[in-house]
$ cat run_33.cif   # mmCIF, C-alpha atoms
data_start
loop_
_atom_site.label_atom_id
_atom_site.label_comp_id
_atom_site.auth_asym_id
_atom_site.auth_seq_id
_atom_site.Cartn_x
_atom_site.Cartn_y
_atom_site.Cartn_z
CA MET A 1 -7.55 -20.55 -13.04
CA LYS A 2 -6.63 -22.30 -9.86
CA ILE A 3 -4.38 -21.26 -6.97
CA SER A 4 -1.63 -23.84 -7.04
CA SER A 5 0.41 -22.69 -4.05
CA VAL A 6 0.53 -20.16 -1.23
CA GLU A 7 3.81 -19.40 0.55
CA LYS A 8 4.86 -16.97 3.27
CA ARG A 9 7.33 -14.41 1.95
CA HIS A 10 9.53 -14.71 5.08
CA LYS A 11 9.19 -16.58 8.35
CA ARG A 12 7.95 -13.55 10.30
CA SER A 13 6.29 -11.82 7.38
CA ASN A 14 2.59 -11.10 7.15
CA VAL A 15 2.79 -11.29 3.36
CA ARG A 16 2.00 -14.34 1.29
CA MET A 17 2.99 -15.13 -2.27
CA ILE A 18 0.18 -16.49 -4.42
CA TYR A 19 0.97 -18.88 -7.28
CA ILE A 20 -1.60 -19.53 -9.96
CA ASN A 21 -1.13 -22.49 -12.29
CA ASP A 22 2.36 -23.04 -10.79
CA GLU A 23 3.50 -19.48 -11.64
CA TYR A 24 3.98 -16.61 -9.21
CA SER A 25 1.10 -14.16 -9.56
CA PHE A 26 1.09 -11.62 -6.69
CA ASP A 27 1.78 -10.85 -3.02
CA ILE A 28 -1.02 -10.33 -0.55
CA SER A 29 -1.24 -9.41 3.13
CA ASP A 30 -2.50 -12.01 5.59
CA GLU A 31 -5.54 -9.81 6.23
CA LEU A 32 -6.65 -9.85 2.58
CA PHE A 33 -5.62 -13.48 2.24
CA MET A 34 -8.11 -14.42 4.96
CA LYS A 35 -10.78 -12.04 3.70
CA TYR A 36 -10.75 -13.53 0.18
CA ASN A 37 -10.19 -17.17 1.29
CA LEU A 38 -7.27 -17.67 -1.08
CA TYR A 39 -6.29 -21.20 -0.19
CA GLU A 40 -4.62 -23.75 -2.44
CA LYS A 41 -6.79 -25.35 -5.11
CA THR A 42 -9.29 -22.46 -4.94
CA GLU A 43 -10.70 -21.33 -8.27
CA ILE A 44 -10.12 -17.64 -9.02
CA THR A 45 -11.10 -15.42 -11.95
CA GLU A 46 -9.09 -12.68 -13.62
CA ALA A 47 -11.57 -10.09 -12.29
CA GLU A 48 -11.05 -11.34 -8.74
CA ILE A 49 -7.28 -11.15 -9.17
CA THR A 50 -7.54 -7.57 -10.40
CA GLU A 51 -9.79 -6.60 -7.47
CA ILE A 52 -7.44 -8.24 -4.97
CA LYS A 53 -4.39 -6.53 -6.45
CA ASN A 54 -6.17 -3.16 -6.34
CA ARG A 55 -7.19 -3.71 -2.70
CA GLN A 56 -3.63 -4.66 -1.81
CA MET A 57 -2.26 -1.60 -3.63
CA LEU A 58 -4.66 0.64 -1.69
CA ALA A 59 -3.71 -1.00 1.61
CA ASP A 60 -0.02 -0.51 0.80
CA ALA A 61 -0.62 3.15 -0.15
CA LYS A 62 -2.50 3.81 3.11
CA LYS A 63 0.31 2.21 5.08
CA GLU A 64 2.92 4.30 3.24
CA GLY A 65 0.86 7.47 3.68
CA LEU A 66 0.40 6.79 7.38
CA ARG A 67 4.12 6.20 7.81
CA PHE A 68 4.83 9.52 6.07
CA ALA A 69 2.21 11.41 8.10
CA ALA A 70 3.40 9.94 11.39
CA SER A 71 6.71 11.84 11.42
CA ARG A 72 4.99 15.25 11.59
CA ILE A 73 1.66 16.86 10.71
CA ARG A 74 1.10 16.80 6.93
CA THR A 75 -1.41 18.13 4.44
CA GLU A 76 -3.47 15.87 2.22
CA LYS A 77 -1.61 17.28 -0.78
CA GLU A 78 1.78 16.40 0.75
CA VAL A 79 0.69 12.81 1.37
CA PHE A 80 -0.82 12.58 -2.12
CA LYS A 81 2.40 13.85 -3.74
CA LYS A 82 4.52 11.48 -1.65
CA LEU A 83 2.43 8.51 -2.73
CA ILE A 84 2.68 9.57 -6.38
CA SER A 85 6.46 9.86 -6.01
CA LYS A 86 6.50 6.32 -4.57
CA GLY A 87 4.88 5.06 -7.78
CA TYR A 88 1.22 4.75 -6.82
CA GLU A 89 -1.41 5.66 -9.40
CA GLU A 90 -3.28 8.94 -8.89
CA HIS A 91 -6.64 7.36 -8.04
CA THR A 92 -4.98 5.01 -5.51
CA ALA A 93 -3.01 7.87 -3.92
CA GLN A 94 -6.14 10.03 -3.74
CA GLU A 95 -8.25 7.25 -2.27
CA ALA A 96 -5.56 6.49 0.34
CA ALA A 97 -5.31 10.19 1.30
CA ASP A 98 -9.11 10.42 1.52
CA GLU A 99 -9.28 7.38 3.80
CA LEU A 100 -6.48 8.73 6.02
CA ARG A 101 -8.42 12.01 6.27
CA SER A 102 -11.65 10.22 7.15
CA LEU A 103 -9.80 8.26 9.85
CA GLY A 104 -8.48 11.52 11.31
CA TYR A 105 -4.80 11.11 10.41
CA LEU A 106 -4.87 14.08 8.02
CA ASP A 107 -6.55 17.37 8.90
CA ASP A 108 -5.83 20.41 6.74
CA ARG A 109 -7.63 22.76 9.17
CA GLU A 110 -5.44 21.63 12.07
CA TYR A 111 -2.36 21.84 9.85
CA ALA A 112 -3.23 25.44 8.88
CA ARG A 113 -3.87 26.43 12.49
CA LYS A 114 -0.55 24.99 13.71
CA TYR A 115 1.33 26.43 10.73
CA ILE A 116 0.01 29.93 11.54
CA LEU A 117 0.90 29.61 15.22
CA ASP A 118 4.42 28.50 14.30
CA LYS A 119 4.79 31.41 11.90
CA ILE A 120 3.65 33.88 14.56
CA LYS A 121 6.24 32.55 17.01
CA LEU A 122 9.20 31.78 14.77
CA ASN A 123 9.01 33.85 11.61
CA PRO A 124 6.22 36.44 11.66
CA LYS A 125 4.73 37.31 8.27
CA SER A 126 1.68 39.14 7.00
CA LYS A 127 -1.70 37.44 6.73
CA GLU A 128 -1.57 37.43 2.94
CA LEU A 129 1.90 35.90 2.82
CA ILE A 130 0.93 33.16 5.28
CA LYS A 131 -2.24 32.52 3.28
CA LYS A 132 -0.21 32.17 0.06
CA GLU A 133 2.17 29.75 1.76
CA LEU A 134 -0.73 27.64 3.02
CA VAL A 135 -2.36 27.56 -0.41
CA SER A 136 0.96 26.49 -1.97
CA LYS A 137 1.04 23.59 0.51
CA GLY A 138 -2.38 22.40 -0.71
CA ILE A 139 -4.64 24.06 1.84
CA SER A 140 -7.81 25.50 0.29
CA ARG A 141 -8.20 29.30 0.35
CA ASP A 142 -11.29 29.03 2.55
CA THR A 143 -9.55 26.80 5.08
CA ALA A 144 -6.54 29.13 5.16
CA GLN A 145 -8.77 32.19 5.58
CA ASN A 146 -10.78 30.55 8.37
CA ALA A 147 -7.61 29.54 10.22
CA LEU A 148 -6.23 33.07 9.88
CA SER A 149 -9.42 34.60 11.24
CA GLU A 150 -9.38 32.19 14.22
CA CYS A 151 -5.84 33.24 15.13
CA ARG A 152 -6.69 36.97 15.19
CA LEU A 153 -3.51 37.95 13.42
CA ASP A 154 -2.83 41.70 13.19
CA ASP A 155 -0.56 42.85 10.35
CA LEU A 156 0.27 46.12 12.11
CA SER A 157 1.51 44.43 15.30
CA ILE A 158 3.54 41.98 13.20
CA ALA A 159 5.12 44.88 11.31
CA GLU A 160 5.92 46.69 14.58
CA THR A 161 7.50 43.54 16.00
CA LEU A 162 9.61 43.02 12.88
CA VAL A 163 10.76 46.66 12.83
CA ALA A 164 11.62 46.57 16.53
CA LYS A 165 13.54 43.33 16.03
CA LYS A 166 15.40 44.69 12.99
CA PHE A 167 16.43 47.95 14.63
CA SER A 168 16.96 46.69 18.20
CA LYS A 169 20.72 46.49 17.62
CA PHE A 170 20.93 50.17 16.71
CA ASN A 171 20.95 53.04 19.16
CA CYS A 172 17.93 55.05 18.08
CA SER A 173 18.01 57.49 21.01
CA ASP A 174 19.57 60.20 18.82
CA LEU A 175 16.65 61.26 16.63
CA ASN A 176 18.83 63.61 14.56
CA VAL A 177 20.50 60.73 12.77
#
$ encode --input "run_33.cif" --output "structure tokens"
Amino acid sequence: MKISSVEKRHKRSNVRMIYINDEYSFDISDELFMKYNLYEKTEITEAEITEIKNRQMLADAKKEGLRFAASRIRTEKEVFKKLISKGYEEHTAQEAADELRSLGYLDDREYARKYILDKIKLNPKSKELIKKELVSKGISRDTAQNALSECRLDDLSIAETLVAKKFSKFNCSDLNV
């Protein structure tokens, strides 16, 4: 097979359309285009096409995951689920989430720590309830437990705060009531 034509998708686009034997085959970013030297009249095998498409799919998934994670701190599981919902295959979504974690864009420990601090300030709950919420968001039990132990959360003080908040609107000076 031979690349018959290469065209830019749009004037300002960094995406090129690759035509093989005068038929559209796939889109590719300029970065991968240069990396694989995909110029006109270049011979290309089916295996190379599959590899290039997989690399492009992974690059697109990482870009989508990064865009999703940029709006607020996210867990790896949240990014993985978002990528699946966008139509990416499981292995591609997992690999993209793993790469984003290795680059420092996703950090479940930091997420757990910030989640606990927010809960303490905004909506106090017991350690066990916070731990269950973290686990339901995809944080491992060990990570959740370590984050809870770092924050030195005391269930008794949380309970006292909640009771005081609940009954602050009542006049409790008359103990005979």
$ residues_around --input "run_33.cif" --residues "range 14-18 of chain A" --least-positions-apart "5" --cutoff "12 Å" --atoms "all atoms listed in the file" --output "number ranges by chain"
A: 2-9, 23-34, 37-42, 44, 49, 52-53, 56, 60
$ closest_residue --input "run_33.cif" --among "A:Asn21, A:Gln94, A:Ser102, A:Asn146" --to "Leu58 in chain A" --atoms "all atoms listed in the file"
A:Gln94
$ closest_residue --input "run_33.cif" --among "A:Tyr19, A:Ser168, A:Val163, A:Ala93" --to "Glu43 in chain A" --atoms "all atoms listed in the file"
A:Tyr19
$ residues_around --input "run_33.cif" --residues "range 137-145 of chain A" --least-positions-apart "6" --cutoff "12 Å" --atoms "all atoms listed in the file" --output "list of chain:residue names"
A:Arg74, A:Thr75, A:Glu76, A:Lys77, A:Glu78, A:Val79, A:Phe80, A:Lys81, A:Leu106, A:Asp107, A:Asp108, A:Arg109, A:Glu110, A:Tyr111, A:Ala112, A:Arg113, A:Lys114, A:Tyr115, A:Ile116, A:Lys127, A:Glu128, A:Leu129, A:Ile130, A:Lys131, A:Cys151, A:Arg152, A:Leu153
$ closest_residue --input "run_33.cif" --among "A:Glu133, A:Arg55, A:Glu64, A:Ala47" --to "Lys35 in chain A" --atoms "all atoms listed in the file"
A:Arg55
$ residues_around --input "run_33.cif" --residues "Leu103 in chain A" --least-positions-apart "6" --cutoff "12 Å" --atoms "all atoms listed in the file" --output "MDAnalysis selection string"
chainID A and resid 62 66 96:97
$ atom_distance --input "run_33.cif" --atom1 "CA of Asp118 in chain A" --atom2 "CA of Ala147 in chain A"
12.7 Å
$ atom_distance --input "run_33.cif" --atom1 "CA of Glu48 in chain A" --atom2 "CA of Ile20 in chain A"
12.6 Å
$ atom_distance --input "run_33.cif" --atom1 "CA of Leu100 in chain A" --atom2 "CA of Gly65 in chain A"
7.8 Å
$ axis_aligned_box --input "run_33.cif" --around "range 22-28 of chain A" --padding-each-side "3 Å" --output "lines of an AutoDock Vina configuration file"
center_x = 1.5
center_y = -16.7
center_z = -6.1
size_x = 11.0
size_y = 18.7
size_z = 17.1
$ closest_residue --input "run_33.cif" --among "A:Lys165, A:Phe68, A:Ala59, A:Ile73" --to "Glu95 in chain A" --atoms "all atoms listed in the file"
A:Ala59
$ closest_residue --input "run_33.cif" --among "A:Lys169, A:Lys121, A:Thr50, A:Met57" --to "Glu89 in chain A" --atoms "all atoms listed in the file"
A:Met57
$ build_atoms --input "run_33.cif" --residues "range 115-134 of chain A" --atoms "N, CA and C atoms" --output "compact mmCIF listing (two decimals), in the coordinates of the input"
# COMPACT_ATOMS: atom_id res chain seq x y z
N TYR A 115 0.38 25.73 11.59
CA TYR A 115 1.33 26.43 10.73
C TYR A 115 1.32 27.93 11.05
N ILE A 116 0.14 28.50 11.22
CA ILE A 116 0.01 29.93 11.54
C ILE A 116 0.63 30.23 12.90
N LEU A 117 0.33 29.40 13.89
CA LEU A 117 0.90 29.61 15.22
C LEU A 117 2.43 29.53 15.19
N ASP A 118 2.97 28.60 14.44
CA ASP A 118 4.42 28.50 14.30
C ASP A 118 5.00 29.73 13.62
N LYS A 119 4.32 30.21 12.60
CA LYS A 119 4.79 31.41 11.90
C LYS A 119 4.77 32.62 12.82
N ILE A 120 3.74 32.74 13.63
CA ILE A 120 3.65 33.88 14.56
C ILE A 120 4.84 33.86 15.53
N LYS A 121 5.17 32.67 16.03
CA LYS A 121 6.24 32.55 17.01
C LYS A 121 7.63 32.66 16.38
N LEU A 122 7.86 31.95 15.30
CA LEU A 122 9.20 31.78 14.77
C LEU A 122 9.60 32.76 13.67
N ASN A 123 8.68 33.03 12.78
CA ASN A 123 9.01 33.85 11.61
C ASN A 123 7.79 34.65 11.19
N PRO A 124 7.45 35.71 11.93
CA PRO A 124 6.22 36.44 11.66
C PRO A 124 6.15 36.97 10.22
N LYS A 125 4.98 36.83 9.63
CA LYS A 125 4.73 37.31 8.27
C LYS A 125 3.31 37.85 8.22
N SER A 126 3.02 38.56 7.15
CA SER A 126 1.68 39.14 7.00
C SER A 126 0.65 38.03 6.75
N LYS A 127 -0.62 38.39 6.95
CA LYS A 127 -1.70 37.44 6.73
C LYS A 127 -1.69 36.91 5.30
N GLU A 128 -1.53 37.83 4.35
CA GLU A 128 -1.57 37.43 2.94
C GLU A 128 -0.43 36.49 2.58
N LEU A 129 0.75 36.76 3.10
CA LEU A 129 1.90 35.90 2.82
C LEU A 129 1.71 34.51 3.42
N ILE A 130 1.20 34.46 4.64
CA ILE A 130 0.93 33.16 5.28
C ILE A 130 -0.15 32.41 4.49
N LYS A 131 -1.16 33.14 4.07
CA LYS A 131 -2.24 32.52 3.28
C LYS A 131 -1.69 31.93 1.98
N LYS A 132 -0.82 32.67 1.31
CA LYS A 132 -0.21 32.17 0.06
C LYS A 132 0.62 30.92 0.32
N GLU A 133 1.36 30.92 1.42
CA GLU A 133 2.17 29.75 1.76
C GLU A 133 1.28 28.53 2.02
N LEU A 134 0.19 28.74 2.74
CA LEU A 134 -0.73 27.64 3.02
C LEU A 134 -1.34 27.09 1.73
